[in-house]
$ cat upload16.txt   # compact mmCIF, C-alpha atoms and all ligand atoms
# COMPACT_ATOMS: atom_id res chain seq x y z
CA MET F 1 -62.25 19.23 -194.91
CA GLY F 2 -59.60 16.67 -194.11
CA PHE F 3 -58.94 17.51 -190.47
CA ARG F 4 -58.41 14.38 -188.41
CA LYS F 5 -60.00 13.85 -185.04
CA PHE F 6 -57.39 13.48 -182.32
CA THR F 7 -59.27 10.59 -180.75
CA ASP F 8 -59.23 8.73 -184.08
CA ILE F 9 -55.49 9.27 -184.51
CA GLN F 10 -54.86 8.15 -180.96
CA LYS F 11 -56.93 5.03 -181.48
CA SER F 12 -55.08 4.13 -184.67
CA LEU F 13 -51.78 4.43 -182.78
CA PHE F 14 -53.01 2.11 -180.03
CA MET F 15 -54.09 -0.30 -182.74
CA LYS F 16 -50.52 -0.21 -183.99
CA PHE F 17 -49.29 -1.26 -180.55
CA ALA F 18 -51.83 -4.08 -180.45
CA TRP F 19 -50.70 -5.22 -183.88
CA LYS F 20 -47.04 -5.16 -182.82
CA ILE F 21 -47.81 -7.29 -179.80
CA MET F 22 -49.46 -9.82 -182.08
CA VAL F 23 -46.75 -10.08 -184.71
CA GLU F 24 -43.51 -8.49 -183.62
CA ASP F 25 -40.56 -10.44 -182.37
CA SER F 26 -38.98 -7.80 -180.13
CA LEU F 27 -38.09 -7.30 -176.50
CA TRP F 28 -40.96 -4.85 -176.21
CA SER F 29 -43.61 -7.24 -177.54
CA HIS F 30 -42.19 -10.18 -175.56
CA PHE F 31 -42.47 -8.10 -172.41
CA PHE F 32 -46.13 -7.21 -172.98
CA ARG F 33 -47.04 -10.72 -174.01
CA ALA F 34 -45.36 -12.15 -170.93
CA LYS F 35 -46.86 -9.59 -168.58
CA TYR F 36 -50.44 -9.47 -169.79
CA LEU F 37 -51.15 -12.50 -171.95
CA ARG F 38 -49.04 -15.20 -170.35
CA GLN F 39 -50.24 -18.44 -171.94
CA ASN F 40 -53.64 -17.08 -172.89
CA HIS F 41 -54.74 -16.26 -176.37
CA ILE F 42 -54.77 -12.51 -177.09
CA SER F 43 -58.52 -12.53 -177.78
CA LEU F 44 -59.13 -13.64 -174.18
CA VAL F 45 -57.18 -10.84 -172.55
CA ASP F 46 -58.74 -9.09 -169.55
CA ARG F 47 -59.19 -5.54 -170.85
CA GLY F 48 -59.91 -4.02 -167.47
CA LYS F 49 -56.55 -4.76 -165.88
CA GLY F 50 -53.14 -3.17 -166.12
CA THR F 51 -51.79 0.30 -166.68
CA ARG F 52 -53.76 2.96 -168.47
CA PHE F 53 -51.56 2.54 -171.53
CA TRP F 54 -52.14 -1.19 -171.62
CA ARG F 55 -55.88 -0.84 -171.15
CA MET F 56 -56.01 1.53 -174.14
CA VAL F 57 -54.06 -0.98 -176.23
CA ALA F 58 -56.20 -3.86 -175.00
CA SER F 59 -59.41 -2.04 -175.83
CA CYS F 60 -58.29 -1.98 -179.47
CA ILE F 61 -57.47 -5.68 -179.67
CA PRO F 62 -60.93 -6.89 -180.78
CA GLU F 63 -60.93 -4.42 -183.66
CA VAL F 64 -57.42 -5.36 -184.74
CA LEU F 65 -58.31 -9.05 -184.60
CA ASN F 66 -61.40 -8.37 -186.60
CA LEU F 67 -59.41 -6.63 -189.32
CA SER F 68 -56.71 -9.25 -189.59
CA LYS F 69 -56.48 -12.83 -190.75
CA TRP F 70 -53.79 -15.51 -190.60
CA LYS F 71 -52.34 -17.01 -193.71
CA ILE F 72 -51.44 -20.52 -192.64
CA LYS F 73 -48.02 -21.90 -193.41
CA ASN F 74 -46.54 -24.19 -190.76
CA GLY F 75 -49.69 -23.83 -188.63
CA ASN F 76 -48.22 -22.73 -185.32
CA ILE F 77 -51.37 -20.80 -184.49
CA SER F 78 -54.42 -21.57 -182.43
CA PHE F 79 -56.91 -23.80 -184.17
CA TRP F 80 -59.85 -22.36 -182.26
CA PHE F 81 -58.98 -18.77 -181.38
CA ASP F 82 -56.98 -17.43 -184.29
CA LYS F 83 -58.84 -16.18 -187.29
CA TRP F 84 -57.71 -18.04 -190.36
CA LEU F 85 -61.09 -18.51 -192.02
CA ASP F 86 -62.95 -15.58 -193.59
CA GLU F 87 -65.92 -16.40 -191.38
CA GLY F 88 -63.99 -15.71 -188.18
CA PRO F 89 -62.26 -17.80 -185.52
CA LEU F 90 -63.59 -21.33 -185.29
CA CYS F 91 -64.49 -20.91 -181.60
CA ASN F 92 -67.24 -18.55 -182.78
CA LEU F 93 -68.54 -20.98 -185.37
CA VAL F 94 -68.76 -24.36 -183.64
CA PRO F 95 -68.74 -25.55 -180.03
CA MET F 96 -65.16 -25.97 -178.93
CA GLY F 97 -64.23 -29.50 -177.87
CA ASP F 98 -62.07 -30.46 -174.95
CA SER F 99 -58.81 -29.31 -176.53
CA PRO F 100 -58.86 -25.51 -176.52
CA ILE F 101 -55.11 -25.23 -176.93
CA LEU F 102 -55.09 -27.24 -180.15
CA GLN F 103 -52.75 -25.84 -182.78
CA VAL F 104 -53.42 -26.08 -186.49
CA THR F 105 -50.18 -27.95 -187.05
CA GLU F 106 -51.37 -30.81 -184.83
CA LEU F 107 -53.81 -31.82 -187.55
CA LYS F 108 -50.99 -32.40 -190.00
CA MET F 109 -50.28 -35.94 -191.13
CA GLU F 110 -47.39 -37.24 -193.11
CA ASN F 111 -48.93 -36.37 -196.46
CA GLY F 112 -51.98 -34.28 -195.85
CA TRP F 113 -54.39 -33.45 -193.08
CA ASP F 114 -56.22 -35.57 -190.55
CA VAL F 115 -59.61 -35.45 -192.25
CA VAL F 116 -61.25 -37.83 -189.81
CA LYS F 117 -60.27 -35.76 -186.81
CA LEU F 118 -61.36 -32.57 -188.57
CA HIS F 119 -64.80 -33.99 -189.31
CA ASP F 120 -64.94 -35.02 -185.72
CA ILE F 121 -64.28 -31.62 -184.21
CA VAL F 122 -65.84 -29.13 -186.62
CA GLY F 123 -68.56 -31.25 -188.24
CA GLU F 124 -69.04 -32.17 -191.85
CA GLU F 125 -70.36 -28.82 -193.01
CA LEU F 126 -67.34 -26.78 -191.95
CA ALA F 127 -64.76 -29.47 -192.58
CA GLY F 128 -64.88 -28.89 -196.34
CA LYS F 129 -64.25 -25.19 -195.95
CA VAL F 130 -61.49 -25.75 -193.39
CA LEU F 131 -59.77 -28.31 -195.58
CA GLU F 132 -59.90 -26.00 -198.57
CA VAL F 133 -57.92 -23.40 -196.61
CA LEU F 134 -55.52 -25.93 -195.10
CA CYS F 135 -54.70 -27.50 -198.45
CA LYS F 136 -53.54 -24.14 -199.76
CA SER F 137 -50.94 -23.81 -197.01
CA ARG F 138 -47.27 -23.82 -197.92
CA GLU F 139 -44.06 -24.23 -195.95
CA GLY F 140 -42.83 -21.28 -193.91
CA VAL F 141 -43.86 -19.08 -191.04
CA ASP F 142 -47.53 -18.16 -190.59
CA VAL F 143 -48.28 -14.60 -191.65
CA LEU F 144 -50.80 -12.27 -190.10
CA ILE F 145 -52.45 -10.24 -192.83
CA TRP F 146 -53.92 -6.81 -192.24
CA THR F 147 -57.08 -6.92 -194.33
CA ALA F 148 -57.59 -3.16 -194.39
CA SER F 149 -54.68 -2.51 -196.72
CA LYS F 150 -53.89 -3.87 -200.16
CA ASP F 151 -50.44 -5.21 -199.32
CA GLY F 152 -51.62 -6.88 -196.11
CA LYS F 153 -49.27 -4.81 -193.98
CA PHE F 154 -50.48 -2.77 -191.06
CA SER F 155 -50.36 1.00 -191.34
CA THR F 156 -51.73 3.57 -188.92
CA LYS F 157 -53.27 5.39 -191.87
CA SER F 158 -55.36 2.38 -192.88
CA ALA F 159 -56.30 1.80 -189.24
CA TRP F 160 -57.37 5.42 -188.96
CA ASN F 161 -59.46 4.95 -192.09
CA CYS F 162 -61.24 2.05 -190.42
CA VAL F 163 -62.04 3.76 -187.14
CA ARG F 164 -63.04 7.20 -188.33
CA THR F 165 -66.62 8.01 -189.20
CA THR F 166 -66.98 9.69 -192.52
CA ALA F 167 -69.75 12.12 -193.29
CA PRO F 168 -71.77 11.18 -196.36
CA LYS F 169 -70.30 12.83 -199.42
CA VAL F 170 -72.29 15.81 -200.62
CA ARG F 171 -73.48 15.05 -204.13
CA TRP F 172 -72.13 18.31 -205.54
CA ALA F 173 -68.82 18.27 -203.65
CA ASP F 174 -66.92 17.90 -206.94
CA TRP F 175 -68.35 21.19 -208.17
CA VAL F 176 -67.77 23.12 -204.98
CA TRP F 177 -64.15 21.89 -204.75
CA HIS F 178 -63.59 22.23 -208.49
CA PRO F 179 -59.97 23.16 -209.34
CA CYS F 180 -61.20 26.20 -211.29
CA ILE F 181 -62.70 27.72 -208.15
CA PRO F 182 -60.36 29.59 -205.78
CA LYS F 183 -60.04 27.79 -202.45
CA ASN F 184 -61.42 30.64 -200.34
CA ILE F 185 -64.64 30.47 -202.35
CA SER F 186 -64.86 26.69 -201.95
CA VAL F 187 -64.35 27.00 -198.21
CA ASN F 188 -67.10 29.61 -198.02
CA MET F 189 -69.46 27.35 -199.97
CA TRP F 190 -68.71 24.58 -197.51
CA LYS F 191 -69.50 26.97 -194.68
CA PHE F 192 -72.77 27.97 -196.32
CA PHE F 193 -73.81 24.34 -196.68
CA ASN F 194 -73.21 23.92 -192.99
CA ASN F 195 -74.96 27.19 -192.17
CA ALA F 196 -71.77 28.47 -190.59
CA LEU F 197 -71.39 32.02 -191.89
CA SER F 198 -72.04 34.98 -189.65
CA VAL F 199 -75.42 36.24 -190.82
CA ASP F 200 -77.56 37.87 -188.10
CA ASP F 201 -79.68 34.77 -187.69
CA ARG F 202 -76.60 32.67 -186.84
CA ILE F 203 -75.21 35.28 -184.45
CA LYS F 204 -78.54 35.37 -182.60
CA SER F 205 -78.70 31.61 -182.45
CA ILE F 206 -75.48 31.44 -180.45
CA GLY F 207 -76.95 33.81 -177.87
CA ILE F 208 -75.76 37.27 -178.92
CA PRO F 209 -78.78 39.60 -178.92
CA LEU F 210 -79.10 41.97 -181.86
CA ALA F 211 -81.77 43.68 -183.94
CA SER F 212 -81.41 42.16 -187.37
CA LYS F 213 -81.68 44.32 -190.46
CA CYS F 214 -80.50 43.26 -193.89
CA ASP F 215 -78.57 45.45 -196.31
CA CYS F 216 -80.40 44.46 -199.43
CA CYS F 217 -84.07 45.49 -199.12
CA VAL F 218 -85.52 49.00 -198.98
CA HIS F 219 -87.27 48.35 -195.68
CA GLY F 220 -84.63 46.13 -194.17
CA ALA F 221 -85.71 42.58 -193.45
CA TYR F 222 -84.53 39.90 -191.01
CA GLU F 223 -81.21 38.53 -192.19
CA ASN F 224 -80.61 34.82 -192.49
CA ARG F 225 -78.70 32.68 -194.97
CA ASP F 226 -81.56 32.32 -197.43
CA HIS F 227 -82.32 36.02 -197.32
CA VAL F 228 -78.77 37.06 -198.23
CA LEU F 229 -78.27 34.35 -200.82
CA ALA F 230 -81.68 33.60 -202.29
CA ASN F 231 -84.78 35.58 -201.24
CA GLY F 232 -83.64 39.13 -200.47
CA ASP F 233 -84.27 41.80 -203.12
CA ILE F 234 -80.66 41.81 -204.35
CA ALA F 235 -80.18 38.04 -204.28
CA LYS F 236 -83.45 37.46 -206.15
CA GLU F 237 -82.46 39.95 -208.83
CA VAL F 238 -78.91 38.66 -209.21
CA TRP F 239 -80.13 35.08 -209.65
CA ARG F 240 -82.76 36.31 -212.14
CA ILE F 241 -80.10 38.05 -214.24
CA THR F 242 -77.81 35.02 -214.04
CA TYR F 243 -80.58 32.68 -215.18
CA ALA F 244 -81.46 34.99 -218.05
CA GLN F 245 -77.84 35.47 -219.14
CA MET F 246 -77.26 31.73 -219.18
CA GLY F 247 -80.45 31.18 -221.17
CA LEU F 248 -82.15 29.19 -218.45
CA GLY F 249 -85.78 29.34 -217.38
CA ARG F 250 -86.72 30.74 -213.98
CA THR F 251 -85.99 28.70 -210.91
CA THR F 252 -88.67 27.02 -208.86
CA GLY F 253 -86.36 26.94 -205.87
CA THR F 254 -87.04 29.27 -202.98
CA SER F 255 -84.15 28.45 -200.66
CA TRP F 256 -80.47 28.82 -201.44
CA ASN F 257 -80.03 25.07 -201.14
CA GLN F 258 -82.75 24.38 -203.69
CA ILE F 259 -81.37 26.93 -206.12
CA VAL F 260 -77.78 25.72 -206.09
CA GLU F 261 -78.90 22.11 -206.15
CA GLU F 262 -80.86 22.86 -209.31
CA TRP F 263 -77.76 24.34 -210.94
CA PHE F 264 -75.54 21.47 -209.93
CA PHE F 265 -78.14 19.08 -211.25
CA THR F 266 -78.03 20.72 -214.69
CA ALA F 267 -74.23 20.86 -214.71
CA SER F 268 -72.19 18.20 -216.46
CA LYS F 269 -68.52 17.49 -216.96
CA THR F 270 -68.89 16.59 -220.59
CA SER F 271 -69.24 20.07 -222.07
CA GLN F 272 -67.84 23.53 -221.53
CA LEU F 273 -71.31 24.92 -220.83
CA GLY F 274 -71.98 22.07 -218.40
CA HIS F 275 -68.79 22.96 -216.54
CA LEU F 276 -69.77 26.60 -216.39
CA LEU F 277 -73.16 25.70 -214.94
CA GLY F 278 -71.41 23.78 -212.19
CA ILE F 279 -69.10 26.65 -211.31
CA ILE F 280 -71.58 29.53 -211.43
CA PRO F 281 -73.47 28.81 -208.16
CA SER F 282 -70.25 29.18 -206.17
CA ILE F 283 -69.34 32.42 -207.94
CA VAL F 284 -72.82 33.92 -207.51
CA THR F 285 -72.97 32.90 -203.86
CA TRP F 286 -69.52 34.31 -203.21
CA SER F 287 -70.38 37.60 -204.95
CA LEU F 288 -73.61 37.97 -202.97
CA TRP F 289 -71.74 37.33 -199.75
CA LEU F 290 -69.01 39.85 -200.71
CA ARG F 291 -71.67 42.46 -201.45
CA ARG F 292 -73.29 41.87 -198.09
CA CYS F 293 -69.98 42.15 -196.21
CA LYS F 294 -68.99 45.29 -198.11
CA ALA F 295 -72.36 46.88 -197.25
CA ARG F 296 -71.93 45.93 -193.60
CA ALA F 297 -68.31 46.99 -193.25
CA GLU F 298 -68.06 49.97 -195.58
CA GLY F 299 -71.67 51.06 -195.99
CA VAL F 300 -71.36 50.68 -199.77
CA LYS F 301 -74.45 48.98 -201.16
CA ASP F 302 -73.79 47.66 -204.66
CA SER F 303 -76.75 47.24 -206.99
CA ALA F 304 -77.71 43.89 -208.48
CA ILE F 305 -76.25 44.96 -211.82
CA THR F 306 -72.88 45.73 -210.20
CA VAL F 307 -72.92 42.33 -208.53
CA TRP F 308 -73.66 40.71 -211.87
CA TYR F 309 -70.66 42.53 -213.44
CA ASN F 310 -68.48 41.20 -210.67
CA ILE F 311 -69.79 37.72 -211.37
CA LYS F 312 -69.03 38.14 -215.07
CA THR F 313 -65.48 39.19 -214.26
CA TRP F 314 -65.06 36.15 -212.02
CA ILE F 315 -66.43 33.84 -214.68
CA GLY F 316 -63.96 35.35 -217.14
CA LYS F 317 -61.14 34.65 -214.69
CA VAL F 318 -62.01 31.05 -213.85
CA GLY F 319 -63.64 29.98 -217.10
ZN ZN F 401 -82.92 42.23 -197.62

$ encode --input "upload16.txt" --output "structure tokens"
Amino acid sequence: MGFRKFTDIQKSLFMKFAWKIMVEDSLWSHFFRAKYLRQNHISLVDRGKGTRFWRMVASCIPEVLNLSKWKIKNGNISFWFDKWLDEGPLCNLVPMGDSPILQVTELKMENGWDVVKLHDIVGEELAGKVLEVLCKSREGVDVLIWTASKDGKFSTKSAWNCVRTTAPKVRWADWVWHPCIPKNISVNMWKFFNNALSVDDRIKSIGIPLASKCDCCVHGAYENRDHVLANGDIAKEVWRITYAQMGLGRTTGTSWNQIVEEWFFTASKTSQLGHLLGIIPSIVTWSLWLRRCKARAEGVKDSAITVWYNIKTWIGKVG
């Protein structure tokens, strides 16, 4: 629903600090570099040492390095440890020779690059790729590019987008969150999908004992989501009327999920009828839920026909 996890936000902020230490020319970043990195490359930092704040920042460094890449200009970056090839830092690709502090700029010659030395240290296979990147370099200061955003600049929002885990999108999300449907109905649909509305079955499942009795059948059955919305006497009848009124054949679905899925499957955005078919499941579900709550709270048990009239009114309003 768009709520952000605090831990994800916090992590994206620590990533921002890590990024600043890597690129910023400020008293703050100089201090941290001097205190924790000294002459070492940032990828080699000991993540277990230092203050709690620093350890949080340091724990994000690998991810920030992974999501960034140097654009070489004057080449004042580490040949082995900085990532300036798409494939990753060279130290991960070939055995490092006896000059770990080599800088890219040291391979520069008067008019070009020291091809012989390159072949020597990275091997023939990689040398071509390395040279291709080096030959594109222009004068100026090397730039660290944040690969997770289009403009190459770091933003906490893009970092957050990288660290968060997204739930798979529900196929019919566009119908449930359709602009024609009032938000409270959409939210309720979302709750139904996640089995989060307070039917007896749910209340029992969180440890509150109660004798369940529905408000829709003559003899009173056990109340769960599917009973209220799909299988109970009222729900069955309301869906039957809705199918008939829309000129559709009977459903083969027995659970609420199957029924609404069937509707969403038939819906399409290319015609007015298609649109209506996509909106109806939410309206029917909402009306059935309203009926159930009214029966519980006020003791008024609407008939299936009354529920259908309510649905028709709703359709008139949103359609
Ligand atoms: Zn019932």

$ residues_around --input "upload16.txt" --residues "range 191-208 of chain F" --least-positions-apart "3" --cutoff "6 Å" --atoms "all atoms listed in the file" --output "PyMOL selection string"
chain F and resi 188+212+223-224

$ residues_near_ligand --input "upload16.txt" --ligand "ligand ZN 401 (chain F)" --cutoff "9 Å" --atoms "only C-alpha atoms and all ligand atoms" --output "NGL selection string"
:F and (213-223 or 227-228 or 231-235)

$ closest_residue --input "upload16.txt" --among "F:Met22, F:Ala34, F:Ile279, F:Asp86" --to "Val133 in chain F" --atoms "only C-alpha atoms"
F:Asp86

$ atom_distance --input "upload16.txt" --atom1 "CA of Val130 in chain F" --atom2 "CA of Val64 in chain F"
22.5 Å

$ residues_near_point --input "upload16.txt" --point "(-61.5, 6.8, -186.2)" --cutoff "8 Å" --atoms "only C-alpha atoms" --output "number ranges by chain"
F: 5, 7-9, 11-12, 159-165

$ closest_residue --input "upload16.txt" --among "F:His119, F:Leu85, F:Gly97, F:Val176" --to "Ile145 in chain F" --atoms "only C-alpha atoms"
F:Leu85

$ atom_distance --input "upload16.txt" --atom1 "CA of Arg240 in chain F" --atom2 "CA of Ala211 in chain F"
29.2 Å

$ closest_residue --input "upload16.txt" --among "F:Ser282, F:Thr242, F:Asn92, F:Asn74" --to "Trp190 in chain F" --atoms "only C-alpha atoms"
F:Ser282

$ atom_distance --input "upload16.txt" --atom1 "CA of Thr51 in chain F" --atom2 "CA of Trp70 in chain F"
28.7 Å
